[in-house]
file entry08.cif (mmCIF, C-alpha atoms)
data_data
#
loop_
_atom_site.label_atom_id
_atom_site.label_comp_id
_atom_site.auth_asym_id
_atom_site.auth_seq_id
_atom_site.Cartn_x
_atom_site.Cartn_y
_atom_site.Cartn_z
CA MET I 1085 -20.52 11.33 58.52
CA ALA I 1086 -22.18 8.95 56.06
CA GLY I 1087 -19.90 10.22 53.28
CA ILE I 1088 -16.81 9.68 55.42
CA LEU I 1089 -17.93 6.14 56.25
CA ALA I 1090 -18.57 5.35 52.58
CA LEU I 1091 -15.15 6.66 51.61
CA SER I 1092 -13.53 4.63 54.40
CA LEU I 1093 -15.34 1.51 53.17
CA ILE I 1094 -14.09 2.02 49.59
CA VAL I 1095 -10.52 2.52 50.81
CA SER I 1096 -10.75 -0.65 52.88
CA LEU I 1097 -12.16 -2.67 50.01
CA VAL I 1098 -9.45 -1.45 47.66
CA ALA I 1099 -6.80 -2.40 50.19
CA LEU I 1100 -8.32 -5.87 50.54
CA GLY I 1101 -8.69 -6.29 46.78
CA PHE I 1102 -12.49 -6.55 46.86
CA TYR I 1103 -13.19 -3.28 45.03
CA HIS I 1104 -12.23 -3.18 41.36
CA ARG I 1105 -12.61 -0.33 38.91
CA GLN I 1106 -11.78 -0.86 35.22
CA PRO I 1107 -8.53 1.06 34.67
CA ASP I 1108 -8.57 3.93 32.20
CA ASN I 1109 -5.77 2.35 30.15
CA ASP I 1110 -7.32 -1.11 29.86
CA ASP I 1111 -8.03 -0.55 26.15
CA ILE I 1112 -5.41 -1.48 23.58
CA HIS I 1113 -4.43 1.53 21.51
CA LEU I 1114 -3.53 1.65 17.84
CA ALA I 1115 -2.01 4.64 16.02
CA VAL I 1116 -3.11 5.08 12.41
CA VAL I 1117 -0.91 7.53 10.50
CA PHE I 1118 -2.18 8.89 7.18
CA SER I 1119 -1.34 11.65 4.77
CA PRO I 1120 -4.17 13.68 3.20
CA ASP I 1121 -3.69 12.15 -0.25
CA GLU I 1122 -6.26 10.97 -2.76
CA ASP I 1123 -6.58 7.51 -1.20
CA ALA I 1124 -6.68 8.59 2.45
CA ASP I 1125 -10.45 8.20 2.81
CA ASP I 1126 -10.37 4.63 1.52
CA PHE I 1127 -7.43 3.72 3.74
CA LEU I 1128 -9.08 5.14 6.86
CA ALA I 1129 -12.39 3.48 6.03
CA GLY I 1130 -10.61 0.13 5.76
CA THR I 1131 -8.93 0.51 9.15
CA ARG I 1132 -12.13 1.68 10.85
CA ILE I 1133 -14.11 -1.26 9.47
CA ALA I 1134 -11.46 -3.70 10.68
CA VAL I 1135 -11.32 -2.18 14.17
CA GLU I 1136 -15.10 -2.39 14.45
CA GLN I 1137 -15.09 -6.03 13.35
CA VAL I 1138 -12.25 -6.94 15.72
CA ASN I 1139 -14.11 -5.40 18.66
CA ALA I 1140 -17.35 -7.09 17.65
CA ALA I 1141 -15.47 -10.40 17.84
CA GLY I 1142 -14.25 -9.70 21.37
CA GLY I 1143 -11.35 -7.33 20.85
CA LEU I 1144 -7.73 -8.28 21.50
CA LEU I 1145 -7.50 -10.84 24.29
CA GLY I 1146 -10.86 -9.59 25.54
CA ARG I 1147 -9.83 -5.94 25.53
CA LYS I 1148 -11.23 -3.21 23.30
CA LEU I 1149 -9.08 -1.96 20.42
CA VAL I 1150 -9.08 1.84 20.10
CA ALA I 1151 -7.62 3.52 17.02
CA HIS I 1152 -6.26 7.07 17.04
CA GLU I 1153 -5.71 8.78 13.69
CA TYR I 1154 -2.73 11.08 13.09
CA GLN I 1155 -2.31 13.17 9.96
CA GLU I 1156 1.18 13.61 8.58
CA GLU I 1157 2.42 15.86 5.80
CA SER I 1158 1.96 14.61 2.23
CA TYR I 1159 5.17 14.06 0.31
CA THR I 1160 5.82 14.96 -3.32
CA ASP I 1161 9.06 15.86 -5.06
CA LYS I 1162 7.97 19.50 -4.87
CA LEU I 1163 8.47 19.57 -1.09
CA LEU I 1164 11.73 19.68 0.78
CA LEU I 1165 12.44 16.11 1.82
CA GLU I 1166 14.21 17.34 4.97
CA LYS I 1167 11.05 19.10 6.11
CA VAL I 1168 8.86 16.04 5.52
CA VAL I 1169 11.29 13.73 7.30
CA SER I 1170 11.63 16.11 10.23
CA HIS I 1171 7.86 16.22 10.67
CA ALA I 1172 7.64 12.41 10.40
CA LEU I 1173 10.31 11.93 13.06
CA LYS I 1174 8.58 14.30 15.46
CA LEU I 1175 5.22 12.60 14.94
CA ALA I 1176 6.77 9.13 15.37
CA ALA I 1177 8.46 10.21 18.62
CA ARG I 1178 5.18 11.66 19.89
CA ILE I 1179 3.41 8.36 19.20
CA GLY I 1180 6.30 6.29 20.50
CA LYS I 1181 6.20 7.98 23.90
CA GLN I 1182 2.61 6.88 24.44
CA LYS I 1183 2.96 3.72 26.50
CA GLN I 1184 -0.57 2.53 25.77
CA VAL I 1185 0.10 2.33 21.97
CA LEU I 1186 0.81 -1.26 20.95
CA ALA I 1187 1.23 -0.75 17.21
CA VAL I 1188 1.34 1.81 14.43
CA ILE I 1189 -0.33 1.37 11.05
CA GLY I 1190 0.18 3.44 7.93
CA HIS I 1191 2.44 6.34 6.96
CA GLY I 1192 1.51 7.54 3.50
CA SER I 1193 4.89 7.19 1.77
CA SER I 1194 8.28 5.56 2.00
CA ALA I 1195 9.79 9.00 2.62
CA THR I 1196 8.07 9.13 6.03
CA ALA I 1197 7.76 5.41 6.83
CA VAL I 1198 11.47 4.61 6.56
CA PRO I 1199 12.72 7.20 9.09
CA ALA I 1200 9.71 6.65 11.36
CA SER I 1201 10.40 2.91 11.50
CA ALA I 1202 13.66 3.49 13.37
CA VAL I 1203 11.84 5.60 15.95
CA TYR I 1204 9.16 2.96 16.51
CA GLU I 1205 11.86 0.33 16.91
CA ARG I 1206 13.52 2.40 19.61
CA PHE I 1207 10.23 2.80 21.49
CA GLY I 1208 9.25 -0.85 21.08
CA LYS I 1209 6.19 -0.28 18.88
CA LEU I 1210 5.06 -2.70 16.19
CA PHE I 1211 4.93 -0.95 12.82
CA LEU I 1212 2.78 -2.25 9.98
CA ALA I 1213 3.65 -0.15 6.92
CA THR I 1214 0.71 -0.09 4.52
CA HIS I 1215 1.92 2.34 1.83
CA ALA I 1216 5.71 2.18 1.80
CA THR I 1217 7.36 0.23 -1.03
CA ALA I 1218 10.98 1.39 -0.72
CA SER I 1219 13.40 -1.53 -0.59
CA SER I 1220 15.25 0.14 2.30
CA LEU I 1221 12.26 -0.29 4.65
CA SER I 1222 12.77 -4.03 5.00
CA ASN I 1223 16.48 -4.05 4.14
CA HIS I 1224 17.13 -2.35 7.48
CA ARG I 1225 16.02 -5.62 9.13
CA LEU I 1226 14.23 -3.96 12.03
CA ASP I 1227 12.63 -6.47 14.37
CA LEU I 1228 9.27 -4.71 14.74
CA THR I 1229 8.70 -3.35 11.21
CA PHE I 1230 6.55 -5.13 8.62
CA ALA I 1231 5.83 -4.08 5.02
CA LEU I 1232 2.42 -5.15 3.71
CA GLN I 1233 3.13 -4.34 0.05
CA PRO I 1234 5.79 -5.73 -2.29
CA ASN I 1235 8.73 -3.37 -2.66
CA ASN I 1236 9.53 -1.29 -5.71
CA ALA I 1237 11.84 -3.93 -7.17
CA ASP I 1238 9.12 -6.59 -6.95
CA ASN I 1239 6.45 -4.36 -8.48
CA ALA I 1240 8.76 -3.31 -11.31
CA ALA I 1241 9.60 -6.95 -12.03
CA PHE I 1242 5.92 -7.93 -12.17
CA LEU I 1243 5.11 -5.11 -14.60
CA ALA I 1244 8.17 -5.78 -16.78
CA ARG I 1245 7.18 -9.44 -17.00
CA TYR I 1246 3.66 -8.47 -18.01
CA ALA I 1247 5.00 -6.08 -20.65
CA GLY I 1248 7.22 -8.75 -22.15
CA GLN I 1249 4.43 -11.30 -22.25
CA ASN I 1250 2.07 -8.92 -24.04
CA GLY I 1251 4.30 -7.64 -26.82
CA ILE I 1252 5.21 -4.38 -25.11
CA ARG I 1253 8.83 -3.92 -26.18
CA ARG I 1254 9.41 -0.21 -26.85
CA VAL I 1255 8.66 1.89 -23.79
CA VAL I 1256 8.94 5.50 -22.67
CA VAL I 1257 9.90 5.60 -18.99
CA LEU I 1258 8.98 8.65 -16.87
CA SER I 1259 9.20 9.52 -13.19
CA ASP I 1260 9.26 12.45 -10.81
CA ASN I 1261 12.34 13.30 -8.75
CA SER I 1262 11.26 11.38 -5.64
CA GLY I 1263 13.13 8.34 -4.41
CA TYR I 1264 9.98 6.30 -5.04
CA GLY I 1265 9.79 7.41 -8.66
CA ILE I 1266 13.47 7.03 -9.43
CA GLU I 1267 13.90 3.63 -7.76
CA THR I 1268 10.81 2.10 -9.37
CA THR I 1269 11.48 3.35 -12.90
CA ASP I 1270 15.15 2.34 -12.75
CA GLN I 1271 14.14 -1.16 -11.63
CA PHE I 1272 11.55 -1.40 -14.42
CA ARG I 1273 13.98 -0.16 -17.03
CA SER I 1274 16.62 -2.67 -15.94
CA GLN I 1275 14.19 -5.60 -15.98
CA LEU I 1276 12.65 -4.57 -19.30
CA THR I 1277 16.00 -4.38 -21.09
CA GLN I 1278 17.14 -7.67 -19.57
CA ASP I 1279 14.03 -9.24 -21.10
CA GLY I 1280 14.84 -7.81 -24.54
CA GLY I 1281 12.82 -4.59 -24.42
CA THR I 1282 13.97 -1.11 -25.41
CA VAL I 1283 13.67 2.17 -23.56
CA LEU I 1284 12.93 4.78 -26.21
CA TYR I 1285 13.21 7.66 -23.77
CA ARG I 1286 13.95 8.05 -20.04
CA GLY I 1287 12.95 11.38 -18.53
CA ARG I 1288 11.23 13.32 -15.78
CA LEU I 1289 7.48 13.71 -15.70
CA THR I 1290 7.91 17.41 -14.98
CA SER I 1291 10.80 19.71 -14.24
CA MET I 1292 11.32 23.38 -13.47
CA ASN I 1293 11.79 24.15 -17.15
CA ARG I 1294 9.22 21.87 -18.76
CA SER I 1295 5.53 21.23 -18.25
CA ILE I 1296 3.59 18.04 -18.95
CA ASP I 1297 2.39 19.57 -22.23
CA ASP I 1298 6.00 20.25 -23.23
CA LEU I 1299 6.87 16.64 -22.44
CA LEU I 1300 3.97 15.30 -24.49
CA LEU I 1301 4.89 17.58 -27.38
CA TYR I 1302 8.40 16.13 -27.35
CA LEU I 1303 7.05 12.56 -27.37
CA MET I 1304 4.91 13.41 -30.40
CA ASP I 1305 7.35 15.56 -32.40
CA ASN I 1306 10.89 14.39 -31.63
CA PRO I 1307 13.11 13.19 -34.53
CA LEU I 1308 14.12 9.90 -32.88
CA PHE I 1309 10.80 8.05 -32.70
CA ARG I 1310 7.15 8.53 -33.55
CA PRO I 1311 4.11 8.05 -31.29
CA ALA I 1312 3.30 4.88 -33.26
CA ASP I 1313 6.65 3.45 -32.16
CA ILE I 1314 5.71 3.66 -28.46
CA ASP I 1315 4.19 0.41 -27.19
CA ALA I 1316 3.57 1.85 -23.72
CA VAL I 1317 4.50 4.63 -21.32
CA PHE I 1318 5.70 3.68 -17.83
CA VAL I 1319 4.98 6.38 -15.21
CA THR I 1320 5.85 6.57 -11.52
CA SER I 1321 5.27 9.65 -9.37
CA SER I 1322 4.70 10.42 -5.70
CA ASP I 1323 2.24 13.09 -6.84
CA ALA I 1324 -1.04 11.46 -7.87
CA ALA I 1325 -2.42 14.73 -9.26
CA GLN I 1326 0.60 15.04 -11.52
CA THR I 1327 0.12 11.52 -12.84
CA ALA I 1328 -3.59 12.13 -13.41
CA GLN I 1329 -2.81 15.28 -15.39
CA PHE I 1330 -0.39 13.34 -17.57
CA ILE I 1331 -2.99 10.66 -18.37
CA ILE I 1332 -5.71 13.24 -19.10
CA ARG I 1333 -3.54 15.30 -21.44
CA ALA I 1334 -2.07 12.25 -23.19
CA ARG I 1335 -5.54 10.96 -24.00
CA GLN I 1336 -6.75 14.41 -25.08
CA LEU I 1337 -3.84 14.58 -27.52
CA GLY I 1338 -4.69 11.22 -29.01
CA LEU I 1339 -2.07 9.03 -27.33
CA ARG I 1340 -3.91 5.74 -26.75
CA MET I 1341 -1.08 3.35 -25.89
CA PRO I 1342 -1.12 1.64 -22.49
CA ILE I 1343 0.06 3.76 -19.56
CA ILE I 1344 1.71 1.47 -17.03
CA GLY I 1345 2.65 2.15 -13.44
CA PRO I 1346 2.86 0.65 -9.96
CA GLU I 1347 0.20 0.63 -7.27
CA HIS I 1348 -0.41 4.42 -7.24
CA LEU I 1349 -2.44 4.14 -10.46
CA TYR I 1350 -4.89 1.67 -8.95
CA THR I 1351 -7.12 3.91 -6.86
CA ARG I 1352 -10.72 4.95 -7.08
CA GLN I 1353 -9.63 8.57 -6.76
CA MET I 1354 -7.33 8.28 -9.79
CA GLU I 1355 -10.24 6.93 -11.81
CA GLU I 1356 -12.55 9.72 -10.65
CA THR I 1357 -9.99 12.42 -11.46
CA VAL I 1358 -9.03 11.11 -14.88
CA GLY I 1359 -12.46 9.84 -15.94
CA LYS I 1360 -13.32 6.27 -16.86
CA ALA I 1361 -13.00 6.70 -20.61
CA ALA I 1362 -9.51 8.19 -20.36
CA MET I 1363 -8.43 5.44 -17.94
CA ARG I 1364 -8.83 2.82 -20.65
CA ASP I 1365 -5.61 0.76 -20.97
CA VAL I 1366 -4.12 2.13 -17.77
CA VAL I 1367 -2.23 -0.79 -16.23
CA ALA I 1368 -1.12 -1.15 -12.60
CA VAL I 1369 0.01 -3.79 -10.12
CA SER I 1370 -1.72 -4.66 -6.86
CA ILE I 1371 -1.74 -7.40 -4.25
CA TYR I 1372 -5.51 -6.87 -3.91
CA ASP I 1373 -7.75 -8.49 -6.51
CA GLY I 1374 -11.19 -6.93 -6.57
CA ASP I 1375 -12.46 -9.54 -9.04
CA GLN I 1376 -12.02 -12.53 -6.72
CA GLN I 1377 -12.35 -12.14 -2.98
CA THR I 1378 -11.38 -14.10 0.10
CA MET I 1379 -13.68 -14.48 3.11
CA GLU I 1380 -12.11 -11.41 4.74
CA GLY I 1381 -12.35 -9.63 1.39
CA GLU I 1382 -16.10 -10.23 1.40
CA ARG I 1383 -16.34 -8.85 4.93
CA LEU I 1384 -14.46 -5.74 3.87
CA SER I 1385 -16.42 -5.31 0.65
CA GLN I 1386 -19.83 -5.57 2.28
CA ALA I 1387 -19.03 -3.08 5.04
CA PHE I 1388 -17.13 -0.71 2.74
CA THR I 1389 -19.90 -0.63 0.13
CA LYS I 1390 -22.49 -0.01 2.83
CA ALA I 1391 -20.45 2.86 4.28
CA THR I 1392 -19.27 4.52 1.06
CA GLY I 1393 -21.39 3.26 -1.80
CA GLN I 1394 -18.18 2.18 -3.55
CA GLN I 1395 -16.16 -1.00 -3.89
CA PRO I 1396 -12.94 -1.08 -1.86
CA GLY I 1397 -9.59 -0.74 -3.59
CA LEU I 1398 -6.01 -1.51 -2.72
CA MET I 1399 -5.53 1.01 0.10
CA ALA I 1400 -8.79 0.10 1.82
CA ALA I 1401 -7.59 -3.51 1.77
CA MET I 1402 -4.18 -2.53 3.15
CA GLY I 1403 -5.67 -0.66 6.11
CA PHE I 1404 -8.12 -3.48 6.76
CA ASP I 1405 -5.50 -6.23 6.54
CA ALA I 1406 -3.03 -4.41 8.79
CA VAL I 1407 -5.56 -4.31 11.64
CA LYS I 1408 -6.76 -7.84 11.04
CA VAL I 1409 -3.32 -9.47 10.86
CA LEU I 1410 -2.35 -7.66 14.06
CA ALA I 1411 -5.42 -9.06 15.80
CA TYR I 1412 -4.68 -12.52 14.41
CA ALA I 1413 -1.08 -12.42 15.64
CA VAL I 1414 -2.09 -11.19 19.09
CA GLY I 1415 -4.59 -14.03 19.35
CA ARG I 1416 -1.97 -16.57 18.27
CA THR I 1417 0.66 -15.12 20.63
CA GLY I 1418 -1.66 -14.90 23.63
CA LYS I 1419 0.02 -11.83 25.05
CA LEU I 1420 0.66 -8.17 24.27
CA ASP I 1421 4.44 -8.28 24.03
CA PRO I 1422 5.56 -6.57 20.77
CA ALA I 1423 8.65 -8.77 20.33
CA ALA I 1424 6.62 -11.95 20.78
CA ILE I 1425 3.92 -10.69 18.39
CA ALA I 1426 6.63 -9.86 15.84
CA ASP I 1427 7.96 -13.42 16.09
CA THR I 1428 4.44 -14.71 15.48
CA LEU I 1429 4.00 -12.47 12.43
CA ARG I 1430 7.12 -14.00 10.89
CA ILE I 1431 6.40 -17.63 11.77
CA ILE I 1432 2.76 -17.72 10.59
CA ARG I 1433 4.17 -18.00 7.08
CA TYR I 1434 4.77 -21.67 7.98
CA ASP I 1435 2.40 -22.12 10.90
CA GLY I 1436 -1.06 -21.00 9.87
CA PRO I 1437 -0.97 -18.01 7.50
CA PHE I 1438 -3.58 -15.30 7.91
CA ILE I 1439 -5.76 -14.89 4.82
CA GLY I 1440 -6.80 -11.26 4.59
CA ALA I 1441 -8.70 -9.24 2.01
CA SER I 1442 -5.56 -9.19 -0.14
CA GLY I 1443 -4.88 -12.91 0.31
CA PRO I 1444 -2.17 -14.44 2.52
CA VAL I 1445 -0.62 -11.78 4.77
CA VAL I 1446 2.72 -13.32 5.71
CA PHE I 1447 6.26 -11.99 5.98
CA ASP I 1448 9.83 -13.09 5.37
CA SER I 1449 12.60 -12.81 7.94
CA ASN I 1450 13.11 -9.13 7.02
CA GLY I 1451 9.46 -8.29 7.59
CA LEU I 1452 8.60 -7.94 3.88
CA THR I 1453 5.36 -9.44 2.60
CA THR I 1454 5.98 -12.66 0.72
CA ASP I 1455 4.34 -15.81 -0.66
CA ALA I 1456 1.38 -13.79 -1.92
CA ALA I 1457 -0.02 -13.27 -5.38
CA ALA I 1458 0.49 -9.96 -7.15
CA TYR I 1459 -2.05 -8.96 -9.77
CA VAL I 1460 -1.68 -6.83 -12.84
CA VAL I 1461 -4.92 -4.92 -13.39
CA ARG I 1462 -5.95 -3.19 -16.60
CA HIS I 1463 -8.74 -0.65 -17.03
CA ASP I 1464 -11.27 -1.36 -19.79
CA GLY I 1465 -12.93 2.06 -19.78
CA GLN I 1466 -15.36 1.06 -17.06
CA ARG I 1467 -13.27 -0.49 -14.29
CA PHE I 1468 -10.04 -2.31 -13.53
CA HIS I 1469 -9.90 -6.05 -14.19
CA THR I 1470 -7.21 -8.55 -13.27
CA VAL I 1471 -5.35 -9.60 -16.42
CA ALA I 1472 -2.34 -11.44 -14.99
CA ALA I 1473 -1.20 -12.96 -11.71
CA TYR I 1474 2.32 -13.52 -10.43
CA LYS I 1475 3.87 -14.86 -7.28
CA LYS I 1476 7.10 -13.82 -5.64
CA PRO I 1477 9.57 -15.12 -6.65
CA LEU I 1478 8.49 -15.03 -10.29
CA PRO I 1479 7.73 -18.61 -11.36
CA THR I 1480 9.37 -20.44 -14.25
CA PRO I 1481 7.68 -20.78 -16.65
CA PRO I 1482 5.94 -17.47 -15.83
CA VAL I 1483 2.26 -17.15 -15.15
CA HIS I 1484 0.68 -15.71 -18.29
CA GLN I 1485 -2.69 -14.84 -19.72
CA ASP I 1486 -4.01 -12.55 -22.37
CA GLU I 1487 -5.50 -9.15 -21.71
CA THR I 1488 -9.13 -10.25 -21.71
CA ALA I 1489 -9.21 -13.80 -20.39
CA ALA I 1490 -10.29 -14.73 -16.89
CA PRO I 1491 -7.55 -16.02 -14.58
CA ASN I 1492 -6.46 -19.54 -15.52
CA ALA I 1493 -6.41 -22.52 -13.17
CA TYR I 1494 -2.90 -21.90 -11.90
CA GLU I 1495 -3.62 -18.25 -11.28
CA ARG I 1496 -6.78 -19.12 -9.39
CA THR I 1497 -4.67 -21.19 -6.99
CA LEU I 1498 -2.61 -18.07 -6.31
CA MET I 1499 -5.76 -16.21 -5.40
CA LYS I 1500 -6.86 -18.69 -2.73
#

call {"tool": "encode", "arguments": {"input": "entry08.cif", "output": "structure tokens"}}
result
Amino acid sequence: MAGILALSLIVSLVALGFYHRQPDNDDIHLAVVFSPDEDADDFLAGTRIAVEQVNAAGGLLGRKLVAHEYQEESYTDKLLLEKVVSHALKLAARIGKQKQVLAVIGHGSSATAVPASAVYERFGKLFLATHATASSLSNHRLDLTFALQPNNADNAAFLARYAGQNGIRRVVVLSDNSGYGIETTDQFRSQLTQDGGTVLYRGRLTSMNRSIDDLLLYLMDNPLFRPADIDAVFVTSSDAAQTAQFIIRARQLGLRMPIIGPEHLYTRQMEETVGKAAMRDVVAVSIYDGDQQTMEGERLSQAFTKATGQQPGLMAAMGFDAVKVLAYAVGRTGKLDPAAIADTLRIIRYDGPFIGASGPVVFDSNGLTTDAAAYVVRHDGQRFHTVAAYKKPLPTPPVHQDETAAPNAYERTLMK
């Protein structure tokens, strides 16, 4: 009888609105999509640190942020693109159907991020792309998609400008068969030649009929140019292990010229695979400057070093900034409406930009990161150091510094 009375009392209180139980779905959910690549651990550590810090500061509008991690298939040019895209679409649809998910962060490549973005748009999910650099991601002009990294054309332009400013005129240009590799190297080649440079050779990093050793043998023994004629080698590949093998073998065979590439070269895992000595004069581009840090950069660095014993790199910063700029936009918007949050993400460029670990995290009308500094980093045999800074669009006259100097006064303003 007592149990029946207690149950009746609860029912009555619920009906009258006096009895309240915290609903199971009161938390705000975030989907973090990663591929098991060399930088996955750093990326996930960055997102986890940011989620913890957001919750410690009160969550999103007083509600706890909960992140769920989803592993996708890694993409290289050795895999069937159709298979990778099919898997990405299925995963995106699975996430999209979860009503409690406010936003998605990640996707490990443009090959998966671009098709997934259309699915998230259809389901009304915010999508903060941390890895994708394909121009098509933002050219589609989706309302809820935001790219945190400069696209391939921007990165190629930054590196070509650096090459021209540092006497790098005669370049070998190599890529894999992926869209990422082909688009980036074609953009670099075009910009380099427009600036007066020369492409000595344009080829594939590997093919079915030729290994990396065969390629290196050709670069050393061909009748058209000698190794001494090569000022630098530009390399882009969706396969980090393939790129690492190229650097290792090139150095073992005595090729000491700079090896230049986009953001995929600037990872702790690349350095660990290749070895610090062989990484000397490897040059990459990044929107994260480990030499000079913002307030959020310090918060990331302290927590990341405590958790891993290492300094954070680009992908840790991208995961961290994606969570933090989402929290910032939600706070500015004051509600959990994806369309309204998307409007806020675009307008904060003019109305209070968010300064993340990588600097200002703001977007143009297409959702592409803009108004931020991009840094060229060069390895000295011990670690990467920033050797040049640029801002999109490239300034006139261009920002310039030599390979060893600290950033000049103008460049320091870009870093603030």

call {"tool": "resolve_selection", "arguments": {"input": "entry08.cif", "expression": "the PyMOL selection byres ((chain I and resi 1345-1352) around 6)", "output": "ChimeraX atom specification"}}
result
/I:1318-1320,1344,1353-1355,1368-1370

call {"tool": "resolve_selection", "arguments": {"input": "entry08.cif", "expression": "the PyMOL selection byres ((chain I and resi 1117) around 8)", "output": "PyMOL selection string"}}
result
chain I and resi 1115-1116+1118-1119+1153-1156+1188-1192

call {"tool": "closest_residue", "arguments": {"input": "entry08.cif", "among": "I:Ser1442, I:Arg1430, I:Leu1289, I:Thr1277", "to": "Ala1325 of chain I", "atoms": "all atoms listed in the file"}}
result
I:Leu1289

call {"tool": "resolve_selection", "arguments": {"input": "entry08.cif", "expression": "the PyMOL selection byres ((chain I and resi 1402) around 10)", "output": "VMD selection string"}}
result
chain I and resid 1126 to 1128 1130 to 1131 1189 to 1190 1212 to 1215 1232 to 1233 1371 to 1372 1397 to 1401 1403 to 1408 1440 to 1442

call {"tool": "atom_distance", "arguments": {"input": "entry08.cif", "atom1": "atom CA of Asp1125 of chain I", "atom2": "atom CA of Glu1157 of chain I"}}
result
15.3 Å

call {"tool": "residues_around", "arguments": {"input": "entry08.cif", "residues": "Lys1390 of chain I", "least_positions_apart": "6", "cutoff": "12 Å", "atoms": "all atoms listed in the file", "output": "MDAnalysis selection string"}}
result
chainID I and resid 1129 1133 1383:1384 1396

call {"tool": "axis_aligned_box", "arguments": {"input": "entry08.cif", "around": "segment 1213-1227 of chain I", "padding_each_side": "4 Å", "output": "JSON"}}
result
{"center_x": 8.9, "center_y": -2.1, "center_z": 6.7, "size_x": 24.4, "size_y": 16.8, "size_z": 23.4}

call {"tool": "atom_distance", "arguments": {"input": "entry08.cif", "atom1": "atom CA of Ala1328 of chain I", "atom2": "atom CA of Leu1300 of chain I"}}
result
13.8 Å

call {"tool": "closest_residue", "arguments": {"input": "entry08.cif", "among": "I:Ala1218, I:Leu1210, I:Leu1144, I:Val1283", "to": "Leu1186 of chain I", "atoms": "all atoms listed in the file"}}
result
I:Leu1210

call {"tool": "atom_distance", "arguments": {"input": "entry08.cif", "atom1": "atom CA of Leu1149 of chain I", "atom2": "atom CA of Ser1201 of chain I"}}
result
22.0 Å

call {"tool": "residues_near_point", "arguments": {"input": "entry08.cif", "point": "(4.6, 11.2, 0.0)", "cutoff": "12 Å", "atoms": "only C-alpha atoms", "output": "NGL selection string"}}
result
:I and (1118-1124 or 1156-1165 or 1167-1169 or 1172 or 1190-1198 or 1215-1218 or 1260-1265 or 1321-1324 or 1348)

call {"tool": "closest_residue", "arguments": {"input": "entry08.cif", "among": "I:His1469, I:Arg1178, I:Arg1132, I:Arg1288", "to": "Ala1391 of chain I", "atoms": "all atoms listed in the file"}}
result
I:Arg1132

call {"tool": "residues_near_point", "arguments": {"input": "entry08.cif", "point": "(0.6, -4.9, 29.4)", "cutoff": "10 Å", "atoms": "only C-alpha atoms", "output": "JSON, numbers by chain"}}
result
{"I": [1109, 1110, 1112, 1183, 1184, 1186, 1419, 1420, 1421]}

call {"tool": "residues_around", "arguments": {"input": "entry08.cif", "residues": "segment 1247-1258 of chain I", "least_positions_apart": "4", "cutoff": "8 Å", "atoms": "all atoms listed in the file", "output": "VMD selection string"}}
result
chain I and resid 1243 1269 1273 1276 1279 to 1289 1313 to 1320 1484 1486 to 1487

call {"tool": "closest_residue", "arguments": {"input": "entry08.cif", "among": "I:Asp1111, I:Asp1297, I:Asp1305, I:Glu1356", "to": "Arg1333 of chain I", "atoms": "only C-alpha atoms"}}
result
I:Asp1297

call {"tool": "closest_residue", "arguments": {"input": "entry08.cif", "among": "I:Thr1392, I:Gln1326, I:Met1379, I:Ile1425", "to": "Ser1291 of chain I", "atoms": "only C-alpha atoms"}}
result
I:Gln1326

call {"tool": "closest_residue", "arguments": {"input": "entry08.cif", "among": "I:Val1445, I:Ala1458, I:Val1366, I:Ala1423", "to": "Leu1226 of chain I", "atoms": "only C-alpha atoms"}}
result
I:Ala1423

call {"tool": "residues_around", "arguments": {"input": "entry08.cif", "residues": "Gly1415 of chain I", "least_positions_apart": "2", "cutoff": "10 Å", "atoms": "all atoms listed in the file", "output": "list in words"}}
result
Gly1143, Leu1144, Leu1145, Gly1146, Val1409, Leu1410, Ala1411, Tyr1412, Ala1413, Thr1417, Gly1418, Lys1419, Leu1420, Ile1425 and Thr1428 of chain I

call {"tool": "write_last_selection", "arguments": {"input": "entry08.cif", "atoms": "C-alpha atoms", "output": "PDB file, keeping the file's coordinate frame"}}
result
ATOM      1  CA  GLY I1143     -11.350  -7.330  20.850  1.00  0.00           C
ATOM      2  CA  LEU I1144      -7.730  -8.280  21.500  1.00  0.00           C
ATOM      3  CA  LEU I1145      -7.500 -10.840  24.290  1.00  0.00           C
ATOM      4  CA  GLY I1146     -10.860  -9.590  25.540  1.00  0.00           C
ATOM      5  CA  VAL I1409      -3.320  -9.470  10.860  1.00  0.00           C
ATOM      6  CA  LEU I1410      -2.350  -7.660  14.060  1.00  0.00           C
ATOM      7  CA  ALA I1411      -5.420  -9.060  15.800  1.00  0.00           C
ATOM      8  CA  TYR I1412      -4.680 -12.520  14.410  1.00  0.00           C
ATOM      9  CA  ALA I1413      -1.080 -12.420  15.640  1.00  0.00           C
ATOM     10  CA  THR I1417       0.660 -15.120  20.630  1.00  0.00           C
ATOM     11  CA  GLY I1418      -1.660 -14.900  23.630  1.00  0.00           C
ATOM     12  CA  LYS I1419       0.020 -11.830  25.050  1.00  0.00           C
ATOM     13  CA  LEU I1420       0.660  -8.170  24.270  1.00  0.00           C
ATOM     14  CA  ILE I1425       3.920 -10.690  18.390  1.00  0.00           C
ATOM     15  CA  THR I1428       4.440 -14.710  15.480  1.00  0.00           C
TER      16      THR I1428
END
